[in-house]
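One file, structure36.txt, carrying compact mmCIF, C-alpha atoms:
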# COMPACT_ATOMS: atom_id res chain seq x y z
CA MET A 77 -20.83 -18.36 -36.73
CA LEU A 78 -21.73 -19.40 -33.18
CA LYS A 79 -18.07 -20.24 -32.51
CA LYS A 80 -17.03 -16.73 -33.62
CA ILE A 81 -19.60 -15.11 -31.33
CA ILE A 82 -18.43 -17.21 -28.37
CA PHE A 83 -14.79 -16.42 -29.17
CA ILE A 84 -15.48 -12.67 -29.43
CA GLY A 85 -17.44 -12.80 -26.16
CA ALA A 86 -14.54 -14.56 -24.45
CA VAL A 87 -12.03 -11.99 -25.74
CA ILE A 88 -14.20 -9.09 -24.57
CA GLY A 89 -14.69 -10.76 -21.17
CA ALA A 90 -10.95 -11.31 -20.78
CA PHE A 91 -10.31 -7.68 -21.68
CA PHE A 92 -12.69 -6.40 -18.99
CA ILE A 93 -11.31 -8.77 -16.36
CA SER A 94 -7.72 -7.74 -17.11
CA ASN A 95 -8.69 -4.06 -16.86
CA ILE A 96 -10.37 -4.62 -13.50
CA HIS A 97 -7.22 -6.23 -12.12
CA SER A 98 -4.89 -3.60 -13.56
CA THR A 99 -6.83 -0.74 -11.96
CA SER A 100 -6.88 -2.34 -8.51
CA ALA A 101 -3.27 -1.23 -7.87
CA GLN A 102 -2.84 -4.33 -5.77
CA TYR A 103 0.04 -6.73 -5.99
CA LEU A 104 0.01 -10.16 -4.41
CA ASP A 105 3.46 -11.08 -3.22
CA SER A 106 4.02 -14.81 -3.63
CA SER A 107 7.28 -14.69 -1.65
CA GLY A 108 5.38 -14.15 1.60
CA GLY A 109 7.46 -11.27 2.86
CA ASN A 110 10.87 -9.73 3.19
CA THR A 111 13.45 -9.52 5.96
CA PHE A 112 11.70 -6.57 7.63
CA ILE A 113 8.31 -8.29 7.63
CA ASN A 114 9.81 -11.56 8.85
CA LYS A 115 11.42 -9.69 11.77
CA TYR A 116 8.19 -7.74 12.44
CA VAL A 117 6.07 -10.88 12.82
CA SER A 118 8.69 -12.83 14.75
CA GLU A 119 9.30 -10.06 17.34
CA ASN A 120 5.75 -10.06 18.66
CA VAL A 121 3.10 -12.78 18.47
CA ASN A 122 0.47 -10.01 18.15
CA ASN A 123 1.99 -9.05 14.79
CA TRP A 124 1.25 -12.49 13.32
CA ASN A 125 -1.97 -11.10 11.76
CA LYS A 126 -1.33 -7.37 12.15
CA SER A 127 -1.07 -5.69 8.75
CA ILE A 128 1.28 -2.77 8.12
CA ILE A 129 0.97 0.79 6.87
CA PHE A 130 4.31 1.98 5.46
CA VAL A 131 4.97 5.60 4.58
CA PHE A 132 7.97 5.73 2.27
CA TYR A 133 9.82 8.91 1.41
CA ASN A 134 13.18 9.71 -0.12
CA ASP A 135 15.86 12.37 0.21
CA GLN A 136 14.11 14.64 -2.29
CA LEU A 137 10.97 15.53 -0.35
CA CYS A 138 8.43 17.68 -2.15
CA ALA A 139 7.17 21.01 -0.81
CA THR A 140 4.05 19.44 0.75
CA CYS A 141 5.48 16.02 1.70
CA GLY A 142 6.14 16.96 5.33
CA LYS A 143 2.61 18.27 5.79
CA THR A 144 1.20 15.19 4.05
CA MET A 145 3.20 12.84 6.27
CA GLY A 146 1.75 14.64 9.30
CA MET A 147 -1.77 14.20 7.90
CA ILE A 148 -1.15 10.48 7.31
CA TYR A 149 0.15 10.04 10.84
CA ASN A 150 -2.83 11.88 12.34
CA ILE A 151 -5.26 9.69 10.39
CA TYR A 152 -3.36 6.61 11.56
CA GLN A 153 -3.57 7.79 15.19
CA GLN A 154 -7.26 8.63 14.92
CA TYR A 155 -8.49 5.46 13.18
CA TYR A 156 -5.88 2.72 13.05
CA SER A 157 -3.49 2.97 16.02
CA GLY A 158 -3.10 -0.46 17.54
CA VAL A 159 -4.95 -2.08 14.63
CA TYR A 160 -2.09 -1.93 12.11
CA GLY A 161 1.64 -1.42 12.37
CA TYR A 162 2.90 1.97 11.17
CA PHE A 163 6.37 2.78 9.87
CA GLU A 164 7.87 5.84 8.18
CA ILE A 165 10.94 4.84 6.19
CA ASN A 166 13.39 6.77 4.05
CA TYR A 167 13.79 4.30 1.21
CA ALA A 168 16.86 6.18 -0.09
CA ASN A 169 18.90 4.87 2.86
CA ASP A 170 21.18 1.93 2.14
CA ASP A 171 19.51 -0.29 4.75
CA ALA A 172 16.08 0.34 3.16
CA TYR A 173 17.13 -0.30 -0.44
CA GLN A 174 15.23 -3.59 -0.60
CA PHE A 175 11.94 -1.74 0.00
CA SER A 176 12.43 0.27 -3.18
CA ILE A 177 12.81 -2.97 -5.11
CA ASP A 178 9.99 -4.85 -3.35
CA TYR A 179 7.45 -2.05 -3.76
CA ASP A 180 8.78 -0.34 -6.90
CA LEU A 181 9.26 2.97 -5.09
CA MET A 182 10.15 5.94 -7.28
CA THR A 183 8.09 8.90 -6.06
CA PRO A 184 9.00 11.30 -3.24
CA LEU A 185 6.17 9.91 -1.10
CA SER A 186 4.30 6.60 -1.21
CA ILE A 187 2.03 4.73 1.16
CA VAL A 188 2.22 0.95 1.01
CA LEU A 189 -0.41 -1.14 2.77
CA VAL A 190 0.81 -4.70 3.42
CA LYS A 191 -1.71 -7.36 4.36
CA ILE A 192 -0.25 -9.77 6.95
CA ASN A 193 -1.96 -13.10 7.55
CA ASP A 194 -0.49 -16.07 9.44
CA GLY A 195 2.86 -14.28 9.66
CA MET A 196 3.16 -13.83 5.91
CA ALA A 197 2.72 -10.88 3.57
CA ARG A 198 -0.35 -11.71 1.49
CA GLY A 199 -0.32 -8.70 -0.80
CA TYR A 200 0.09 -4.97 -0.87
CA LEU A 201 -1.50 -1.82 -2.18
CA LYS A 202 0.74 1.09 -3.15
CA ILE A 203 -0.54 4.66 -3.14
CA ASP A 204 1.90 6.96 -4.92
CA ASN A 205 2.01 10.74 -4.44
CA PRO A 206 -0.66 11.17 -1.76
CA GLN A 207 0.64 14.74 -1.38
CA PHE A 208 -1.46 15.64 -4.43
CA TRP A 209 -4.57 15.33 -2.22
CA ALA A 210 -3.16 17.35 0.69
CA ALA A 211 -4.66 20.70 -0.36
CA ASP A 212 -8.10 19.42 0.69
CA PRO A 213 -7.84 17.73 4.12
CA GLN A 214 -11.38 16.29 3.99
CA PHE A 215 -10.82 14.78 0.57
CA PHE A 216 -7.42 13.48 1.71
CA GLU A 217 -8.90 11.77 4.77
CA GLN A 218 -11.77 10.30 2.76
CA GLN A 219 -9.45 8.95 0.04
CA LEU A 220 -6.93 7.47 2.45
CA THR A 221 -9.40 5.88 4.87
CA THR A 222 -11.42 4.43 1.98
CA LYS A 223 -8.32 2.86 0.45
CA ILE A 224 -7.14 1.48 3.81
CA ASN A 225 -10.55 0.12 4.76
CA ASN A 226 -11.20 -1.41 1.34
CA PHE A 227 -7.81 -3.10 1.15
CA PHE A 228 -7.61 -4.52 4.66
CA ASN A 229 -11.26 -5.57 4.96

Once more with this new file: its structure as structure tokens, please.
Amino acid sequence: MLKKIIFIGAVIGAFFISNIHSTSAQYLDSSGGNTFINKYVSENVNNWNKSIIFVFYNDQLCATCGKTMGMIYNIYQQYYSGVYGYFEINYANDDAYQFSIDYDLMTPLSIVLVKINDGMARGYLKIDNPQFWAADPQFFEQQLTTKINNFFN
């Protein structure tokens, strides 16, 4: 009987732990980076530990994607300029195809936060469809800054 209780407790514990990890929306990249990241860190010694904020879009922008991209950029300028690298990339372009594979990009707009440490990508957090928050600028800023601060710190 005691063995069954311990087994059931272990199964329940494993279930909760797996759910915590699945809701974190974080992926740890064991490869350490891609060609873009390797070039980014090798071009400037200051980028060796400078994480990246990517804003990915495709050729089928939504009605509010342009406005949302402007909001993202303004938040970056206000809080994170000089702290993190910032890149807006059309992942539908042939030269950006690898990004869509690396970060599983499928939505019209995604933000990908990439943690850089010792010149290597140490994980990323993908935020799909941030344009859904754009109707409320205060909520948008709070959501985005919280996600950035929580992931990078």

Which of these, A:Asn123, A:Thr140, A:Asn134, A:Asn193, has the shortest distance to Val159 (chain A) once you count all atoms listed in the file? A:Asn123

Selected residue, from A:Trp124, A:Tyr200, A:Phe208, A:Phe216, that lies nearest to Asp178 (chain A) when counting only C-alpha atoms: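 So, comparing all the options, the nearest one is A:Tyr200.
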
Select, from A:Cys141, A:Phe132, A:Tyr155, A:Asn150, the residue with the minimum atom-to-atom distance to Leu181 (chain A), counting all atoms listed in the file.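 Ranking A:Cys141, A:Phe132, A:Tyr155, A:Asn150 by distance to Leu181 (chain A), first place goes to A:Phe132.
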
Could you tell me how far CA of Ile177 (chain A) lies from CA of Met147 (chain A), in Å and to one decimal?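 Result for CA of Ile177 (chain A) versus CA of Met147 (chain A): 26.0 Å, one decimal.
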
With distances taken over all atoms listed in the file, which residue among A:Leu201, A:Val117, A:Leu220, A:Cys138 lies nearest Gly161 (chain A)? A:Val117

Among A:Phe215, A:Tyr149, A:Trp209, A:Phe227, Ser127 (chain A) is approached most closely, using all atoms listed in the file, by A:Phe227

Rounded to one decimal place, report the CA of Ser186 (chain A)-CA of Asp204 (chain A) distance in Å.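 Atom-to-atom, CA of Ser186 (chain A) and CA of Asp204 (chain A) are spaced 4.4 Å apart.
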
Tell me, as a VMD selection string, which residues lie within 12 Å of Gly195 (chain A), counting only C-alpha atoms; anything in the same chain fewer than 2 positions away does not count. chain A and resid 108 to 110 112 to 128 190 to 193 197 to 198

Between CA of Gln153 (chain A) and CA of Asn169 (chain A), what is the distance, to one decimal in Å?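 The value is 25.8 Å.
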
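Omitting Pro184 (chain A) and its sequence neighbours fewer than 6 positions away, and counting all atoms listed in the file, the residues within 12 Å are A:Val131, A:Phe132, A:Tyr133, A:Asn134, A:Asp135, A:Gln136, A:Leu137, A:Cys138, A:Ala139, A:Thr140, A:Cys141, A:Gly142, A:Thr144, A:Met145, A:Ile165, A:Asn166, A:Tyr167, A:Ala168, A:Ser176, A:Ile203, A:Asp204, A:Asn205, A:Pro206, A:Gln207, A:Phe208.
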
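Restricting the calculation to all atoms listed in the file, the smallest distance between Asp212 (chain A) and any of A:Asp180, A:Leu185, A:Thr111, A:Lys143 is found for A:Lys143.
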
Can you list, as a ChimeraX atom specification, every protein, DNA or RNA residue that comes within 12 Å of Asn226 (chain A) when you count only C-alpha atoms, leaving out same-chain residues fewer than 4 positions away? /A:100,102,189,191,201,218-222

For region 198-216 of chain A, what centre and edge lengths in Å (one decimal) does the axis-aligned box get once 8 Å is added on each side of all its listed atoms, as AutoDock Vina command-line options?
--center_x -4.7 --center_y 4.5 --center_z -0.4 --size_x 29.4 --size_y 48.4 --size_z 25.0
